[in-house]
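**Student:** run30.pdb is reproduced in full below (PDB, C-alpha atoms and all ligand atoms).
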ATOM      1  CA  MET A  13      24.413 -30.621  11.551  1.00  0.00           C
ATOM      2  CA  VAL A  14      25.418 -27.573  13.582  1.00  0.00           C
ATOM      3  CA  VAL A  15      24.900 -25.419  10.494  1.00  0.00           C
ATOM      4  CA  ARG A  16      21.491 -26.953   9.869  1.00  0.00           C
ATOM      5  CA  THR A  17      20.448 -26.391  13.457  1.00  0.00           C
ATOM      6  CA  PHE A  18      21.630 -22.794  13.165  1.00  0.00           C
ATOM      7  CA  PHE A  19      19.568 -22.166  10.039  1.00  0.00           C
ATOM      8  CA  ALA A  20      16.550 -23.906  11.507  1.00  0.00           C
ATOM      9  CA  ALA A  21      16.839 -21.634  14.547  1.00  0.00           C
ATOM     10  CA  VAL A  22      17.165 -18.533  12.356  1.00  0.00           C
ATOM     11  CA  LEU A  23      14.107 -19.610  10.393  1.00  0.00           C
ATOM     12  CA  LEU A  24      12.066 -20.207  13.525  1.00  0.00           C
ATOM     13  CA  LEU A  25      13.189 -16.910  15.038  1.00  0.00           C
ATOM     14  CA  GLY A  26      12.455 -15.053  11.826  1.00  0.00           C
ATOM     15  CA  VAL A  27       8.949 -16.447  11.739  1.00  0.00           C
ATOM     16  CA  SER A  28       8.232 -15.771  15.390  1.00  0.00           C
ATOM     17  CA  ILE A  29       9.881 -12.323  15.593  1.00  0.00           C
ATOM     18  CA  SER A  30       7.939 -10.691  12.755  1.00  0.00           C
ATOM     19  CA  PRO A  31       4.396 -10.251  14.064  1.00  0.00           C
ATOM     20  CA  VAL A  32       2.972  -9.227  10.678  1.00  0.00           C
ATOM     21  CA  HIS A  33       3.202 -11.036   7.383  1.00  0.00           C
ATOM     22  CA  ALA A  34       5.339  -9.210   4.811  1.00  0.00           C
ATOM     23  CA  ALA A  35       2.324  -8.964   2.504  1.00  0.00           C
ATOM     24  CA  CYS A  36       0.241  -7.369   5.278  1.00  0.00           C
ATOM     25  CA  PRO A  37       2.041  -4.247   6.416  1.00  0.00           C
ATOM     26  CA  GLY A  38      -1.183  -2.672   7.672  1.00  0.00           C
ATOM     27  CA  GLY A  39      -1.678   1.061   7.433  1.00  0.00           C
ATOM     28  CA  VAL A  40      -4.272   3.359   5.967  1.00  0.00           C
ATOM     29  CA  SER A  41      -5.715   2.078   2.678  1.00  0.00           C
ATOM     30  CA  THR A  42      -6.476   4.461  -0.193  1.00  0.00           C
ATOM     31  CA  SER A  43      -7.831   1.975  -2.731  1.00  0.00           C
ATOM     32  CA  PHE A  44      -9.022  -1.614  -3.003  1.00  0.00           C
ATOM     33  CA  THR A  45      -9.329  -4.132  -5.783  1.00  0.00           C
ATOM     34  CA  VAL A  46     -12.382  -6.235  -6.589  1.00  0.00           C
ATOM     35  CA  THR A  47     -11.197  -9.592  -7.875  1.00  0.00           C
ATOM     36  CA  GLY A  48     -12.298 -13.158  -8.540  1.00  0.00           C
ATOM     37  CA  GLY A  49     -15.632 -14.208  -9.980  1.00  0.00           C
ATOM     38  CA  VAL A  50     -16.922 -10.855 -11.184  1.00  0.00           C
ATOM     39  CA  ASN A  51     -17.598  -9.635 -14.706  1.00  0.00           C
ATOM     40  CA  LYS A  52     -14.948  -6.918 -14.589  1.00  0.00           C
ATOM     41  CA  PRO A  53     -12.241  -6.917 -11.901  1.00  0.00           C
ATOM     42  CA  SER A  54     -11.862  -3.278 -10.840  1.00  0.00           C
ATOM     43  CA  VAL A  55     -10.047  -0.819  -8.612  1.00  0.00           C
ATOM     44  CA  PHE A  56     -11.963   1.531  -6.324  1.00  0.00           C
ATOM     45  CA  TYR A  57     -10.814   4.845  -4.907  1.00  0.00           C
ATOM     46  CA  LEU A  58     -12.822   7.145  -2.658  1.00  0.00           C
ATOM     47  CA  ASN A  59     -14.337   9.038  -5.584  1.00  0.00           C
ATOM     48  CA  ASN A  60     -15.550   5.777  -7.172  1.00  0.00           C
ATOM     49  CA  LEU A  61     -17.339   4.853  -3.945  1.00  0.00           C
ATOM     50  CA  GLN A  62     -18.882   8.320  -3.709  1.00  0.00           C
ATOM     51  CA  GLN A  63     -20.427   7.876  -7.170  1.00  0.00           C
ATOM     52  CA  LEU A  64     -22.502   4.883  -6.027  1.00  0.00           C
ATOM     53  CA  PRO A  65     -25.976   5.299  -4.477  1.00  0.00           C
ATOM     54  CA  THR A  66     -25.449   6.627  -0.944  1.00  0.00           C
ATOM     55  CA  ALA A  67     -26.395   4.562   2.084  1.00  0.00           C
ATOM     56  CA  GLN A  68     -26.567   5.864   5.650  1.00  0.00           C
ATOM     57  CA  GLU A  69     -26.467   3.543   8.659  1.00  0.00           C
ATOM     58  CA  ASN A  70     -26.500   4.188  12.399  1.00  0.00           C
ATOM     59  CA  VAL A  71     -24.963   1.252  14.234  1.00  0.00           C
ATOM     60  CA  THR A  72     -24.212   0.336  17.822  1.00  0.00           C
ATOM     61  CA  TYR A  73     -21.751  -2.461  18.503  1.00  0.00           C
ATOM     62  CA  PHE A  74     -19.192  -3.777  20.943  1.00  0.00           C
ATOM     63  CA  ALA A  75     -15.565  -3.035  20.111  1.00  0.00           C
ATOM     64  CA  ALA A  76     -13.057  -4.506  22.542  1.00  0.00           C
ATOM     65  CA  GLY A  77     -15.643  -4.527  25.322  1.00  0.00           C
ATOM     66  CA  SER A  78     -16.934  -0.952  24.858  1.00  0.00           C
ATOM     67  CA  VAL A  79     -20.213   0.076  23.258  1.00  0.00           C
ATOM     68  CA  VAL A  80     -19.698   2.213  20.149  1.00  0.00           C
ATOM     69  CA  SER A  81     -22.474   4.149  18.369  1.00  0.00           C
ATOM     70  CA  GLN A  82     -21.616   5.578  14.960  1.00  0.00           C
ATOM     71  CA  SER A  83     -23.287   6.956  11.889  1.00  0.00           C
ATOM     72  CA  PHE A  84     -21.681   5.617   8.706  1.00  0.00           C
ATOM     73  CA  THR A  85     -22.048   6.768   5.119  1.00  0.00           C
ATOM     74  CA  GLY A  86     -21.159   4.481   2.261  1.00  0.00           C
ATOM     75  CA  ALA A  87     -22.328   2.272  -0.572  1.00  0.00           C
ATOM     76  CA  LEU A  88     -24.083  -1.061  -0.214  1.00  0.00           C
ATOM     77  CA  LEU A  89     -21.780  -3.999  -0.944  1.00  0.00           C
ATOM     78  CA  TRP A  90     -24.487  -5.296  -3.308  1.00  0.00           C
ATOM     79  CA  ASP A  91     -24.480  -2.023  -5.282  1.00  0.00           C
ATOM     80  CA  LEU A  92     -20.694  -1.997  -5.384  1.00  0.00           C
ATOM     81  CA  LEU A  93     -20.667  -5.450  -6.950  1.00  0.00           C
ATOM     82  CA  ASN A  94     -23.709  -5.054  -9.197  1.00  0.00           C
ATOM     83  CA  ASN A  95     -24.361  -1.389  -9.996  1.00  0.00           C
ATOM     84  CA  SER A  96     -20.815  -0.332 -10.793  1.00  0.00           C
ATOM     85  CA  PRO A  97     -18.189  -1.152 -13.450  1.00  0.00           C
ATOM     86  CA  VAL A  98     -17.711  -4.511 -11.663  1.00  0.00           C
ATOM     87  CA  GLY A  99     -20.839  -5.610 -13.525  1.00  0.00           C
ATOM     88  CA  GLY A 100     -21.987  -8.251 -11.064  1.00  0.00           C
ATOM     89  CA  ILE A 101     -20.951 -11.612  -9.707  1.00  0.00           C
ATOM     90  CA  VAL A 102     -20.555 -14.220 -12.447  1.00  0.00           C
ATOM     91  CA  THR A 103     -23.059 -17.034 -12.031  1.00  0.00           C
ATOM     92  CA  ASN A 104     -23.739 -20.178 -14.010  1.00  0.00           C
ATOM     93  CA  PRO A 105     -27.401 -20.226 -15.127  1.00  0.00           C
ATOM     94  CA  SER A 106     -27.354 -24.019 -15.243  1.00  0.00           C
ATOM     95  CA  VAL A 107     -26.548 -24.230 -11.521  1.00  0.00           C
ATOM     96  CA  LYS A 108     -29.660 -23.745  -9.385  1.00  0.00           C
ATOM     97  CA  ASN A 109     -29.371 -20.475  -7.408  1.00  0.00           C
ATOM     98  CA  ASP A 110     -25.659 -20.272  -8.198  1.00  0.00           C
ATOM     99  CA  ILE A 111     -25.494 -16.891  -6.410  1.00  0.00           C
ATOM    100  CA  LEU A 112     -25.942 -18.856  -3.154  1.00  0.00           C
ATOM    101  CA  HIS A 113     -22.603 -20.581  -3.837  1.00  0.00           C
ATOM    102  CA  LYS A 114     -20.709 -17.310  -3.851  1.00  0.00           C
ATOM    103  CA  ILE A 115     -18.429 -16.129  -1.076  1.00  0.00           C
ATOM    104  CA  VAL A 116     -17.168 -12.579  -0.699  1.00  0.00           C
ATOM    105  CA  ILE A 117     -13.844 -12.303   1.131  1.00  0.00           C
ATOM    106  CA  VAL A 118     -12.970  -8.829   2.414  1.00  0.00           C
ATOM    107  CA  THR A 119      -9.328  -8.224   3.338  1.00  0.00           C
ATOM    108  CA  GLY A 120      -7.751  -5.320   5.207  1.00  0.00           C
ATOM    109  CA  SER A 121      -4.233  -3.940   4.770  1.00  0.00           C
ATOM    110  CA  ASP A 122      -3.206  -5.950   7.850  1.00  0.00           C
ATOM    111  CA  CYS A 123      -4.701  -9.097   6.233  1.00  0.00           C
ATOM    112  CA  TYR A 124      -7.560  -9.080   8.722  1.00  0.00           C
ATOM    113  CA  GLN A 125     -10.408 -10.812   6.902  1.00  0.00           C
ATOM    114  CA  SER A 126     -14.097 -11.468   7.056  1.00  0.00           C
ATOM    115  CA  VAL A 127     -16.202 -13.548   4.705  1.00  0.00           C
ATOM    116  CA  PHE A 128     -19.758 -12.776   3.623  1.00  0.00           C
ATOM    117  CA  GLY A 129     -22.105 -15.069   1.744  1.00  0.00           C
ATOM    118  CA  ALA A 130     -23.627 -13.445  -1.340  1.00  0.00           C
ATOM    119  CA  GLY A 131     -27.015 -14.867  -0.299  1.00  0.00           C
ATOM    120  CA  GLU A 132     -26.741 -12.956   2.958  1.00  0.00           C
ATOM    121  CA  PHE A 133     -26.778  -9.538   1.266  1.00  0.00           C
ATOM    122  CA  ASP A 134     -28.457 -10.291  -2.077  1.00  0.00           C
ATOM    123  CA  PRO A 135     -31.657  -8.173  -1.866  1.00  0.00           C
ATOM    124  CA  PHE A 136     -33.612 -11.166  -3.186  1.00  0.00           C
ATOM    125  CA  PHE A 137     -32.427 -13.383  -0.298  1.00  0.00           C
ATOM    126  CA  GLY A 138     -31.024 -12.112   3.027  1.00  0.00           C
ATOM    127  CA  GLY A 139     -31.018  -8.498   1.913  1.00  0.00           C
ATOM    128  CA  SER A 140     -28.612  -7.484   4.690  1.00  0.00           C
ATOM    129  CA  GLN A 141     -27.532  -3.883   4.170  1.00  0.00           C
ATOM    130  CA  ILE A 142     -23.838  -4.709   4.378  1.00  0.00           C
ATOM    131  CA  MET A 143     -22.073  -1.515   3.453  1.00  0.00           C
ATOM    132  CA  VAL A 144     -18.684  -0.346   2.299  1.00  0.00           C
ATOM    133  CA  ALA A 145     -18.462   2.794   4.424  1.00  0.00           C
ATOM    134  CA  TYR A 146     -16.243   5.749   3.528  1.00  0.00           C
ATOM    135  CA  ALA A 147     -17.342   8.285   6.140  1.00  0.00           C
ATOM    136  CA  VAL A 148     -18.304   8.274   9.808  1.00  0.00           C
ATOM    137  CA  GLY A 149     -20.080  11.178  11.454  1.00  0.00           C
ATOM    138  CA  GLY A 150     -19.643  13.002   8.148  1.00  0.00           C
ATOM    139  CA  GLN A 151     -15.840  12.724   8.321  1.00  0.00           C
ATOM    140  CA  SER A 152     -13.409  10.404   6.572  1.00  0.00           C
ATOM    141  CA  LEU A 153     -12.533   7.220   8.422  1.00  0.00           C
ATOM    142  CA  GLY A 154      -9.032   8.232   9.528  1.00  0.00           C
ATOM    143  CA  ASN A 155      -7.025   5.258  10.758  1.00  0.00           C
ATOM    144  CA  ALA A 156      -9.714   2.894   9.463  1.00  0.00           C
ATOM    145  CA  GLY A 157      -8.611   3.773   5.919  1.00  0.00           C
ATOM    146  CA  PHE A 158     -10.714   5.170   3.087  1.00  0.00           C
ATOM    147  CA  ALA A 159     -13.180   2.296   3.315  1.00  0.00           C
ATOM    148  CA  ARG A 160     -14.418  -0.258   5.812  1.00  0.00           C
ATOM    149  CA  ILE A 161     -17.230  -2.790   6.016  1.00  0.00           C
ATOM    150  CA  VAL A 162     -20.250  -2.053   8.178  1.00  0.00           C
ATOM    151  CA  ALA A 163     -22.583  -4.951   8.943  1.00  0.00           C
ATOM    152  CA  PRO A 164     -25.664  -3.421  10.564  1.00  0.00           C
ATOM    153  CA  GLY A 165     -27.172  -5.524  13.332  1.00  0.00           C
ATOM    154  CA  ASP A 166     -23.899  -7.175  14.303  1.00  0.00           C
ATOM    155  CA  LYS A 167     -23.429  -7.248  18.082  1.00  0.00           C
ATOM    156  CA  ALA A 168     -19.668  -6.808  17.879  1.00  0.00           C
ATOM    157  CA  GLY A 169     -17.489  -4.981  15.381  1.00  0.00           C
ATOM    158  CA  GLY A 170     -15.447  -7.996  14.306  1.00  0.00           C
ATOM    159  CA  ARG A 171     -16.800  -8.061  10.732  1.00  0.00           C
ATOM    160  CA  PHE A 172     -16.245  -4.331  10.244  1.00  0.00           C
ATOM    161  CA  VAL A 173     -13.043  -4.864   8.253  1.00  0.00           C
ATOM    162  CA  SER A 174     -11.222  -1.534   8.084  1.00  0.00           C
ATOM    163  CA  ASN A 175      -8.517  -0.445   5.627  1.00  0.00           C
ATOM    164  CA  ILE A 176     -10.024  -2.591   2.883  1.00  0.00           C
ATOM    165  CA  VAL A 177      -7.485  -3.531   0.220  1.00  0.00           C
ATOM    166  CA  ASN A 178      -9.350  -6.344  -1.544  1.00  0.00           C
ATOM    167  CA  ILE A 179     -12.844  -7.728  -2.063  1.00  0.00           C
ATOM    168  CA  ASP A 180     -12.610 -11.158  -3.640  1.00  0.00           C
ATOM    169  CA  VAL A 181     -15.505 -13.242  -4.934  1.00  0.00           C
ATOM    170  CA  GLU A 182     -15.090 -17.004  -4.815  1.00  0.00           C
ATOM    171  CA  ASP A 183     -17.250 -20.071  -5.215  1.00  0.00           C
ATOM    172  CA  ALA A 184     -17.995 -22.555  -2.441  1.00  0.00           C
ATOM    173  CA  GLY A 185     -17.001 -25.253  -4.917  1.00  0.00           C
ATOM    174  CA  SER A 186     -18.714 -28.459  -5.835  1.00  0.00           C
ATOM    175  CA  TYR A 187     -19.827 -30.757  -3.086  1.00  0.00           C
ATOM    176  CA  PRO A 188     -18.110 -32.779  -1.866  1.00  0.00           C
ATOM    177  CA  SER A 189     -14.853 -30.991  -2.620  1.00  0.00           C
ATOM    178  CA  SER A 190     -12.820 -33.827  -1.157  1.00  0.00           C
ATOM    179  CA  PRO A 191     -13.580 -37.422  -0.205  1.00  0.00           C
ATOM    180  CA  PRO A 192     -16.076 -37.151   2.635  1.00  0.00           C
ATOM    181  CA  SER A 193     -14.557 -37.895   6.003  1.00  0.00           C
ATOM    182  CA  LYS A 194     -16.079 -40.627   8.087  1.00  0.00           C
ATOM    183  CA  PRO A 195     -18.887 -39.218  10.226  1.00  0.00           C
ATOM    184  CA  GLN A 196     -17.808 -39.029  13.854  1.00  0.00           C
ATOM    185  CA  TRP A 197     -21.169 -39.524  15.534  1.00  0.00           C
TER     186      TRP A 197
HETATM  187  N1  LIG B   1      -8.383  -4.328   9.164  1.00  0.00           N
HETATM  188  C1  LIG B   1      -8.900  -4.609  10.367  1.00  0.00           C
HETATM  189  N2  LIG B   1     -10.199  -4.356  10.591  1.00  0.00           N
HETATM  190  C2  LIG B   1     -10.751  -4.635  11.793  1.00  0.00           C
HETATM  191  C3  LIG B   1      -9.969  -5.187  12.840  1.00  0.00           C
HETATM  192  C4  LIG B   1      -8.596  -5.458  12.567  1.00  0.00           C
HETATM  193  O1  LIG B   1      -7.826  -5.952  13.415  1.00  0.00           O
HETATM  194  N3  LIG B   1      -8.097  -5.135  11.339  1.00  0.00           N
HETATM  195  N4  LIG B   1     -10.568  -5.486  14.051  1.00  0.00           N
HETATM  196  C5  LIG B   1     -12.019  -5.664  14.048  1.00  0.00           C
HETATM  197  C6  LIG B   1     -12.591  -5.712  15.384  1.00  0.00           C
HETATM  198  S1  LIG B   1     -12.292  -7.117  16.256  1.00  0.00           S
HETATM  199  C7  LIG B   1     -13.402  -4.695  15.862  1.00  0.00           C
HETATM  200  S2  LIG B   1     -14.218  -4.845  17.332  1.00  0.00           S
HETATM  201  C8  LIG B   1     -13.576  -3.432  15.121  1.00  0.00           C
HETATM  202  C9  LIG B   1     -13.185  -2.265  15.996  1.00  0.00           C
HETATM  203  O2  LIG B   1     -13.366  -1.096  15.280  1.00  0.00           O
HETATM  204  P1  LIG B   1     -13.557   0.333  15.977  1.00  0.00           P
HETATM  205  O3  LIG B   1     -12.587   0.390  17.110  1.00  0.00           O
HETATM  206  O4  LIG B   1     -13.238   1.320  14.912  1.00  0.00           O
HETATM  207  O5  LIG B   1     -14.965   0.417  16.409  1.00  0.00           O
HETATM  208  O6  LIG B   1     -12.813  -3.394  13.917  1.00  0.00           O
HETATM  209  C10 LIG B   1     -12.749  -4.607  13.211  1.00  0.00           C
HETATM  210  N5  LIG B   1     -12.073  -4.378  11.970  1.00  0.00           N
HETATM  211 MO    MO B   2     -13.308  -6.891  18.286  1.00  0.00          MO
END
Step by step, read the file and then write its structure as structure tokens.
**Tutor:**
Amino acid sequence: MVVRTFFAAVLLLGVSISPVHAACPGGVSTSFTVTGGVNKPSVFYLNNLQQLPTAQENVTYFAAGSVVSQSFTGALLWDLLNNSPVGGIVTNPSVKNDILHKIVIVTGSDCYQSVFGAGEFDPFFGGSQIMVAYAVGGQSLGNAGFARIVAPGDKAGGRFVSNIVNIDVEDAGSYPSSPPSKPQW
């Protein structure tokens, strides 16, 4: 019993002491993978991003309470997924507007994440110019890694995932994915 309590305490301490998950050491990223529901899962380095059509975006947003204005250079997330070796998001032609089921999860080296709906930045639907930026003010991104997301029009910088290590495409799944819960109203 004493031994069990000891190990339970060690376990709890271990969990609470380490502020970052072992898989999320943070730090400056130099490449990211594109995984999940795409035609060809791929790895991107700076030079691969630079080969895509160039996008330029001037954005102003709140970061931790301060207004930041920056000029980013990068590639549109849509181009990265569709006009590159990735070869596009895989969709099922027998599912009506299957692209609208797709979810793009962007993860940073610290496991910070933001999700984007494919319909939000598909030029045929929302057309948002969500960008994978690799330069700011004509310089590399420094502590933000070799690539970060820029979502023009956002009021705050929360979706601007820096130090990207993975862009994963998933499906919202069939509805309902689990037995519907009893409505509460
Ligand atoms: N990887 C990663 N990206 C991140 C964050 C983070 O904690 N980790 N914080 C976000 C938040 S909350 C903001 S406001 C902006 C701040 O970026 P900036 O200080 O470079 O403008 O980065 C975003 N991107
Ligand atoms: Mo923030």
**Student:** Would you write out, as a ChimeraX atom specification, every residue that the PyMOL selection byres (((not hetatm)) within 9 of (chain B and resi 1)) captures in this file?
**Tutor:** /A:38-39,73-82,119-126,153,155-157,160-161,168-176
**Student:** So, with only C-alpha atoms and all ligand atoms as the atoms that count, which of A:Phe136, A:Ser43, A:Asp166, A:Pro97 lies closest to ligand MO 2 (chain B)?
**Tutor:**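 Selected residue with least distance to ligand MO 2 (chain B): A:Asp166.
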**Student:** Provide the atom CA of Pro135 of chain A to atom CA of Phe44 of chain A distance in Å, to one decimal place.
**Tutor:** 23.6 Å
**Student:** To one decimal in Å, tell me the separation between atom CA of Ile179 of chain A and atom CA of Ala163 of chain A.
**Tutor:** 15.0 Å
**Student:** In Å, rounded to a single decimal, give me how far atom CA of Thr72 of chain A is from atom CA of Asn94 of chain A.
**Tutor:**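 Taking atom CA of Asn94 of chain A and atom CA of Thr72 of chain A, their separation equals 27.6 Å.
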**Student:** On this structure, the PyMOL selection byres (((chain A and resi 89) around 8) and not hetatm) would catch which residues? List them as JSON, numbers by chain, sorted by chain and number.
**Tutor:** {"A": [87, 88, 90, 91, 92, 93, 133, 141, 142, 143, 144]}
**Student:** Padding 4 Å on each side, edges along x, y and z: where is the centre of the box around the listed atoms of segment 39-54 of chain A, and how long are its edges in Å to one decimal? Output it as lines of an AutoDock Vina configuration file.
**Tutor:**
center_x = -9.6
center_y = -4.9
center_z = -3.6
size_x = 23.9
size_y = 26.7
size_z = 30.1
**Student:** Between A:Pro37, A:Gly139, A:Gly49, A:Gly154, which is the closest to Asp180 of chain A once you count all atoms listed in the file?
**Tutor:**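 Closest residue, counting all atoms listed in the file: A:Gly49.
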**Student:** Kindly resolve the PyMOL selection byres (((chain A and resi 110) around 12) and not hetatm) on the present coordinates and return the residues as number ranges by chain.
**Tutor:** A: 49, 101-109, 111-115, 129-131, 182-186
**Student:** Between A:Gly150, A:Gln62, A:Val177, A:Glu132, which one has atoms that come closest to Thr47 of chain A, using all atoms listed in the file?
**Tutor:**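 Smallest separation from Thr47 of chain A among the options: A:Val177.
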**Student:** Fewer than 5 positions away in the same chain doesn't count, so skip those; otherwise give me all residues within 8 Å of Phe128 of chain A, counting all atoms listed in the file, as an mmCIF file with C-alpha atoms, in the coordinates of the input.
**Tutor:**
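Heads up, here's the output in result.cif:
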data_model
loop_
_atom_site.group_PDB
_atom_site.id
_atom_site.type_symbol
_atom_site.label_atom_id
_atom_site.label_comp_id
_atom_site.auth_asym_id
_atom_site.auth_seq_id
_atom_site.Cartn_x
_atom_site.Cartn_y
_atom_site.Cartn_z
ATOM 1 C CA ILE A 115 -18.429 -16.129 -1.076
ATOM 2 C CA VAL A 116 -17.168 -12.579 -0.699
ATOM 3 C CA ILE A 117 -13.844 -12.303 1.131
ATOM 4 C CA VAL A 118 -12.970 -8.829 2.414
#
**Student:** Go through A:Gly100, A:Lys167, A:Asn51, A:His33 one by one, measure the shortest atom-to-atom distance of each to ligand MO 2 (chain B) using all atoms listed in the file, and give the residue with the smallest value.
**Tutor:**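 So, comparing all the options, the nearest one is A:Lys167.
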**Student:** Identify which of the residues A:Ser83, A:Val55, A:Ser152, A:Glu69 lies closest to Val40 of chain A, counting all atoms listed in the file when measuring atom-to-atom distances.
**Tutor:** A:Ser152
**Student:** Pick the closest to Tyr146 of chain A from A:Asn95, A:Asn70, A:Ser54, A:Thr42: which is it, counting all atoms listed in the file?
**Tutor:**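 Residue with the minimum atom-to-atom distance to Tyr146 of chain A: A:Thr42.
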